[in-house]
Each structure stands twice: as C-alpha cells, then as structure tokens.
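Trainee: Shown below is the structure under consideration.
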Amino acid sequence: MRRIPAVVTTCAATLAFLVPAGLAAAAPASPAAPASPASPASPAEQSYTVVPYENVKVRQLPTQDSAYLATLTAGQSYTAYCWTHGQTITDHGYTNDIWIGFADGFSSAVYFKGDQYANLPASAQC
C-alpha cells in the first residue's frame with residue numbers, strides 16, 4: 001500500500017485557493033483562515049469581492065515581513081472578509097495602513113481597486 005505524504009496533500013490544498021474566482025467550480029479563490037489575533041471573519045459572515053490592480057502578495061499577518069502565502073493575480077476577483085490596520089505601505093503614490101483580510105491572510109489595500117478599504121465598508125473591520 002502506497003502512502004501519500006501529508007506535504008503533497010497540503011500543497012494541493014494550498015494551490016486550490018490560488019485559482020481566481022470564476023475559474024474554480026467548487027471553491028472561492030480566497031486563502032483559508034489564519035490563526036492570528038487579527039484573523040479575518042469566518043466564511044459564515046459577510047464577504048466582499050475585491051480586485052487587485054496588480055499582482056499582490058498575501059501575507060500571514062498585515063505586514064510585509066510576515067510569511068508569504070500566495071499571490072493574487074491582477075484583474076481577478078477574490079473574496080475578502082474584512083480589513084484591519086497593519087504596516088503602513090507606500091506605493092504608486094498611495095500610502096495607507098489598511099490590509100484586506102482573506103480567509104488565509106492579508107494583502108495591503110494599496111494594491112486593490114476602490115477606496116482606501118478596497119471598497120469594503122468601514123464596518124467590516126477584522
């Protein structure tokens with residue numbers, strides 16, 4: 001009997017959330033929930049669609065120095081759950097400390113279409 005290593009199973013599960021929304025038939029293209037104090041809301045709560053205007057990294061925590069989890073593709077729609085304050089980011093003439101919360105991690109709102117919260121309501125704070 002041949003066993004499949006847990007690493008292979010974990011890698012396959014990790015790759016599943018990298019597929020942009022609309023291409024995945026069964027699951028939304030958003031990372032899964034991190035175990036941090038500022039973790040995003042559970043999927044049972046309100047979700048929002050966000051679109052990055054360039055490729056953007058998803059980090060475990062709302063800081064550039066946090067562990068890299070995935071890259072979201074520019075122009076694709078993704079499911080976000082909340083926003084939080086984190087490291088201040090300046091790029092393309094924009095500066096803010098708002099990070100968008102996905103099921104698995106966070107990305108700086110500087111890279112998303114919309115307002116300073118990537119069009120999430122002010123009430124959607126993590």
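Here, A, B, ... name the chains of the structure tokens in the order displayed, residue numbers run from 1 inside each chain, and ligands are numbered from 1 in the same displayed order.
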Need the shell around Pro121 (chain A): protein/DNA/RNA residues with any atom at most 10 Å away, counting only C-alpha atoms. Skip same-chain ones fewer than 6 positions apart. Format as a ChimeraX atom specification?
Mentor: /A:48,82-83,115
Trainee: Can you write just those residues out, N, CA and C atoms, as a compact mmCIF listing (two decimals), in the first residue's frame?
Mentor:
```txt
# COMPACT_ATOMS: atom_id res chain seq x y z
N TYR A 48 -16.94 40.00 0.70
CA TYR A 48 -16.91 41.07 -0.29
C TYR A 48 -15.98 40.67 -1.43
N CYS A 82 -12.74 41.17 5.56
CA CYS A 82 -12.63 42.31 6.45
C CYS A 82 -11.37 43.11 6.13
N TRP A 83 -11.18 44.19 6.88
CA TRP A 83 -9.96 44.98 6.77
C TRP A 83 -9.45 45.24 8.18
N ASP A 115 -11.63 52.40 -2.91
CA ASP A 115 -11.16 53.40 -1.95
C ASP A 115 -10.07 52.83 -1.05
```
Trainee: For region 73-77 of chain A, list every protein, DNA or RNA residue within 8 Å, evaluated using only C-alpha atoms, and leave out those in the same chain fewer than 2 positions away; present the list as a list in words.
Mentor: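 Everything that qualifies: Pro20, Ala21, Thr49, Val50, Val51, Pro52, Tyr53, Glu54, Asn55, Val56, Thr71 and Thr79 of chain A.
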Trainee: Can those selected residues be exported to a file as a JSON list (two decimals), in the first residue's frame so that it contains all heavy atoms?
Mentor:
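Written out: out-v7.json:
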```json
[["chain", "number", "residue", "atom", "x", "y", "z"],
["A", 20, "PRO", "N", -8.23, 31.97, -9.57],
["A", 20, "PRO", "CA", -9.12, 33.12, -9.48],
["A", 20, "PRO", "C", -10.59, 32.72, -9.45],
["A", 20, "PRO", "O", -10.98, 31.71, -10.04],
["A", 20, "PRO", "CB", -8.82, 33.91, -10.75],
["A", 20, "PRO", "CG", -7.46, 33.46, -11.17],
["A", 20, "PRO", "CD", -7.36, 32.02, -10.73],
["A", 21, "ALA", "N", -11.41, 33.53, -8.77],
["A", 21, "ALA", "CA", -12.85, 33.27, -8.71],
["A", 21, "ALA", "C", -13.40, 33.22, -10.12],
["A", 21, "ALA", "O", -13.00, 33.97, -10.98],
["A", 21, "ALA", "CB", -13.55, 34.37, -7.91],
["A", 49, "THR", "N", -16.23, 41.22, -2.60],
["A", 49, "THR", "CA", -15.38, 40.96, -3.75],
["A", 49, "THR", "C", -14.38, 42.10, -3.90],
["A", 49, "THR", "O", -14.77, 43.26, -3.87],
["A", 49, "THR", "CB", -16.21, 40.81, -5.03],
["A", 49, "THR", "OG1", -17.11, 39.72, -4.85],
["A", 49, "THR", "CG2", -15.33, 40.56, -6.24],
["A", 50, "VAL", "N", -13.11, 41.75, -4.03],
["A", 50, "VAL", "CA", -12.07, 42.74, -4.25],
["A", 50, "VAL", "C", -11.28, 42.35, -5.49],
["A", 50, "VAL", "O", -11.21, 41.18, -5.86],
["A", 50, "VAL", "CB", -11.13, 42.87, -3.03],
["A", 50, "VAL", "CG1", -11.87, 43.41, -1.82],
["A", 50, "VAL", "CG2", -10.47, 41.54, -2.70],
["A", 51, "VAL", "N", -10.69, 43.37, -6.15],
["A", 51, "VAL", "CA", -9.94, 43.14, -7.38],
["A", 51, "VAL", "C", -8.61, 43.90, -7.29],
["A", 51, "VAL", "O", -8.61, 45.13, -7.23],
["A", 51, "VAL", "CB", -10.72, 43.62, -8.61],
["A", 51, "VAL", "CG1", -9.91, 43.41, -9.89],
["A", 51, "VAL", "CG2", -12.07, 42.93, -8.70],
["A", 52, "PRO", "N", -7.48, 43.19, -7.28],
["A", 52, "PRO", "CA", -6.19, 43.89, -7.27],
["A", 52, "PRO", "C", -5.90, 44.46, -8.66],
["A", 52, "PRO", "O", -6.25, 43.86, -9.66],
["A", 52, "PRO", "CB", -5.19, 42.80, -6.91],
["A", 52, "PRO", "CG", -5.83, 41.53, -7.32],
["A", 52, "PRO", "CD", -7.32, 41.74, -7.20],
["A", 53, "TYR", "N", -5.28, 45.64, -8.70],
["A", 53, "TYR", "CA", -4.94, 46.22, -10.00],
["A", 53, "TYR", "C", -3.55, 45.79, -10.45],
["A", 53, "TYR", "O", -3.15, 46.05, -11.58],
["A", 53, "TYR", "CB", -5.09, 47.75, -10.01],
["A", 53, "TYR", "CG", -4.13, 48.49, -9.13],
["A", 53, "TYR", "CD1", -2.85, 48.80, -9.56],
["A", 53, "TYR", "CD2", -4.52, 48.90, -7.86],
["A", 53, "TYR", "CE1", -1.98, 49.49, -8.74],
["A", 53, "TYR", "CE2", -3.65, 49.59, -7.05],
["A", 53, "TYR", "CZ", -2.39, 49.88, -7.50],
["A", 53, "TYR", "OH", -1.53, 50.57, -6.68],
["A", 54, "GLU", "N", -2.82, 45.11, -9.58],
["A", 54, "GLU", "CA", -1.57, 44.46, -9.96],
["A", 54, "GLU", "C", -1.43, 43.22, -9.08],
["A", 54, "GLU", "O", -2.14, 43.08, -8.09],
["A", 54, "GLU", "CB", -0.36, 45.39, -9.83],
["A", 54, "GLU", "CG", 0.04, 45.74, -8.43],
["A", 54, "GLU", "CD", 1.31, 46.59, -8.40],
["A", 54, "GLU", "OE1", 1.36, 47.61, -9.11],
["A", 54, "GLU", "OE2", 2.23, 46.21, -7.69],
["A", 55, "ASN", "N", -0.52, 42.32, -9.45],
["A", 55, "ASN", "CA", -0.33, 41.13, -8.64],
["A", 55, "ASN", "C", 0.07, 41.57, -7.22],
["A", 55, "ASN", "O", 0.88, 42.48, -7.06],
["A", 55, "ASN", "CB", 0.76, 40.24, -9.23],
["A", 55, "ASN", "CG", 0.33, 39.61, -10.53],
["A", 55, "ASN", "OD1", -0.83, 39.68, -10.92],
["A", 55, "ASN", "ND2", 1.27, 39.00, -11.22],
["A", 56, "VAL", "N", -0.51, 40.92, -6.23],
["A", 56, "VAL", "CA", -0.25, 41.30, -4.83],
["A", 56, "VAL", "C", -0.07, 40.05, -3.98],
["A", 56, "VAL", "O", -0.75, 39.05, -4.18],
["A", 56, "VAL", "CB", -1.39, 42.19, -4.28],
["A", 56, "VAL", "CG1", -2.72, 41.48, -4.29],
["A", 56, "VAL", "CG2", -1.07, 42.71, -2.90],
["A", 71, "THR", "N", 0.05, 34.62, -4.11],
["A", 71, "THR", "CA", -0.02, 35.84, -4.90],
["A", 71, "THR", "C", -1.38, 35.89, -5.58],
["A", 71, "THR", "O", -1.81, 34.93, -6.20],
["A", 71, "THR", "CB", 1.09, 35.88, -5.98],
["A", 71, "THR", "OG1", 2.36, 35.87, -5.32],
["A", 71, "THR", "CG2", 0.98, 37.13, -6.84],
["A", 79, "THR", "N", -12.45, 36.83, -2.89],
["A", 79, "THR", "CA", -13.35, 37.00, -1.75],
["A", 79, "THR", "C", -12.57, 37.49, -0.55],
["A", 79, "THR", "O", -11.63, 36.83, -0.12],
["A", 79, "THR", "CB", -14.05, 35.67, -1.42],
["A", 79, "THR", "OG1", -14.78, 35.24, -2.57],
["A", 79, "THR", "CG2", -15.01, 35.84, -0.25]]
```
Trainee: Leaving out Ala122 (chain A) and any residue of its chain fewer than 3 positions from it, which residues lie within 10 Å of it when counting only C-alpha atoms, given as a PDB file with N, CA, C and O atoms, in the first residue's frame?
Mentor:
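Output file out.pdb follows:
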```pdb
ATOM      1  N   CYS A  82     -12.739  41.166   5.557  1.00  0.00           N
ATOM      2  CA  CYS A  82     -12.630  42.307   6.450  1.00  0.00           C
ATOM      3  C   CYS A  82     -11.373  43.109   6.126  1.00  0.00           C
ATOM      4  O   CYS A  82     -10.623  42.755   5.223  1.00  0.00           O
ATOM      5  N   TRP A  83     -11.179  44.186   6.878  1.00  0.00           N
ATOM      6  CA  TRP A  83      -9.964  44.977   6.774  1.00  0.00           C
ATOM      7  C   TRP A  83      -9.446  45.241   8.182  1.00  0.00           C
ATOM      8  O   TRP A  83     -10.192  45.174   9.155  1.00  0.00           O
ATOM      9  N   THR A  84      -8.143  45.522   8.268  1.00  0.00           N
ATOM     10  CA  THR A  84      -7.537  45.832   9.555  1.00  0.00           C
ATOM     11  C   THR A  84      -6.386  46.802   9.346  1.00  0.00           C
ATOM     12  O   THR A  84      -5.905  46.972   8.227  1.00  0.00           O
ATOM     13  N   GLN A 116      -9.774  53.541   0.045  1.00  0.00           N
ATOM     14  CA  GLN A 116      -8.696  53.117   0.945  1.00  0.00           C
ATOM     15  C   GLN A 116      -8.933  51.749   1.576  1.00  0.00           C
ATOM     16  O   GLN A 116      -8.012  51.113   2.067  1.00  0.00           O
ATOM     17  N   TYR A 117     -10.185  51.277   1.576  1.00  0.00           N
ATOM     18  CA  TYR A 117     -10.545  49.965   2.126  1.00  0.00           C
ATOM     19  C   TYR A 117     -10.828  48.943   1.025  1.00  0.00           C
ATOM     20  O   TYR A 117     -11.448  47.915   1.296  1.00  0.00           O
ATOM     21  N   ASN A 119     -12.962  49.199  -1.178  1.00  0.00           N
ATOM     22  CA  ASN A 119     -14.417  49.240  -1.260  1.00  0.00           C
ATOM     23  C   ASN A 119     -15.129  48.360  -0.225  1.00  0.00           C
ATOM     24  O   ASN A 119     -16.332  48.154  -0.332  1.00  0.00           O
ATOM     25  N   GLN A 125     -14.416  45.897   9.723  1.00  0.00           N
ATOM     26  CA  GLN A 125     -13.109  45.789  10.368  1.00  0.00           C
ATOM     27  C   GLN A 125     -12.956  44.414  11.017  1.00  0.00           C
ATOM     28  O   GLN A 125     -13.886  43.897  11.627  1.00  0.00           O
TER      29      GLN A 125
END
```
Trainee: Residues near Gln60 (chain A), anyone? I mean within 8 Å using only C-alpha atoms, not counting same-chain ones fewer than 6 positions away, as a PyMOL selection string.
Mentor: chain A and resi 34+66-69+104-106
Trainee: Store the residues picked out above, limited to N, CA, C and O atoms, as an mmCIF file, in the first residue's frame.
Mentor:
```
data_model
loop_
_atom_site.group_PDB
_atom_site.id
_atom_site.type_symbol
_atom_site.label_atom_id
_atom_site.label_comp_id
_atom_site.auth_asym_id
_atom_site.auth_seq_id
_atom_site.Cartn_x
_atom_site.Cartn_y
_atom_site.Cartn_z
ATOM 1 N N PRO A 34 -6.270 32.340 8.911
ATOM 2 C CA PRO A 34 -5.060 32.239 9.713
ATOM 3 C C PRO A 34 -5.412 32.180 11.199
ATOM 4 O O PRO A 34 -6.476 32.615 11.609
ATOM 5 N N SER A 66 5.836 39.519 7.171
ATOM 6 C CA SER A 66 5.149 38.297 7.569
ATOM 7 C C SER A 66 5.321 37.218 6.495
ATOM 8 O O SER A 66 5.633 37.510 5.343
ATOM 9 N N ALA A 67 5.069 35.996 6.864
ATOM 10 C CA ALA A 67 5.222 34.859 5.949
ATOM 11 C C ALA A 67 4.365 35.028 4.692
ATOM 12 O O ALA A 67 3.189 35.382 4.767
ATOM 13 N N TYR A 68 4.973 34.767 3.546
ATOM 14 C CA TYR A 68 4.294 34.797 2.247
ATOM 15 C C TYR A 68 3.424 33.552 2.116
ATOM 16 O O TYR A 68 3.867 32.444 2.393
ATOM 17 N N LEU A 69 2.167 33.742 1.673
ATOM 18 C CA LEU A 69 1.249 32.621 1.490
ATOM 19 C C LEU A 69 0.885 32.369 0.039
ATOM 20 O O LEU A 69 0.762 31.228 -0.386
ATOM 21 N N ASP A 104 -7.286 33.265 4.540
ATOM 22 C CA ASP A 104 -5.979 32.757 4.930
ATOM 23 C C ASP A 104 -4.977 33.802 5.362
ATOM 24 O O ASP A 104 -3.970 33.465 5.951
ATOM 25 N N GLY A 105 -5.152 35.039 4.991
ATOM 26 C CA GLY A 105 -4.137 36.032 5.290
ATOM 27 C C GLY A 105 -4.559 37.422 4.879
ATOM 28 O O GLY A 105 -5.754 37.698 4.747
ATOM 29 N N PHE A 106 -3.572 38.277 4.639
ATOM 30 C CA PHE A 106 -3.821 39.693 4.406
ATOM 31 C C PHE A 106 -3.000 40.225 3.237
ATOM 32 O O PHE A 106 -1.887 39.767 2.997
#
```
Trainee: Please provide the set of residues having any atom within 8 Å of Val110 (chain A), restricted to only C-alpha atoms, with same-chain residues fewer than 5 positions apart removed, written as a PyMOL selection string.
Mentor: chain A and resi 89-91+94-96+98+116
Trainee: Would you mind telling me which residue in A:Gly114, A:Gly93, A:Ser108, A:Leu120 lies nearest to Pro62 (chain A) when using only C-alpha atoms?
Mentor: A:Ser108
Trainee: Provide the CA of Tyr81 (chain A) to CA of Gly101 (chain A) distance in Å, to one decimal place.
Mentor: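 CA of Gly101 (chain A) lies at a distance of 5.6 Å from CA of Tyr81 (chain A).
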Trainee: Go ahead and compute the interatomic distance for CA of Thr63 (chain A) and CA of Cys126 (chain A), in Å to one decimal.
Mentor: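 If I compute the distance from CA of Thr63 (chain A) to CA of Cys126 (chain A), I get 15.0 Å.
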Trainee: For Phe112 (chain A), which residue out of A:Arg59, A:Glu45, A:His85, A:Leu72 is the nearest one, using only C-alpha atoms?
Mentor: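 Between A:Arg59, A:Glu45, A:His85, A:Leu72, the residue approaching Phe112 (chain A) most closely is A:Leu72.
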Trainee: Find the distance between CA of Gln46 (chain A) and CA of Ile100 (chain A) and write it in Å to one decimal.
Mentor: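 Going from CA of Gln46 (chain A) over to CA of Ile100 (chain A), I get 13.7 Å.
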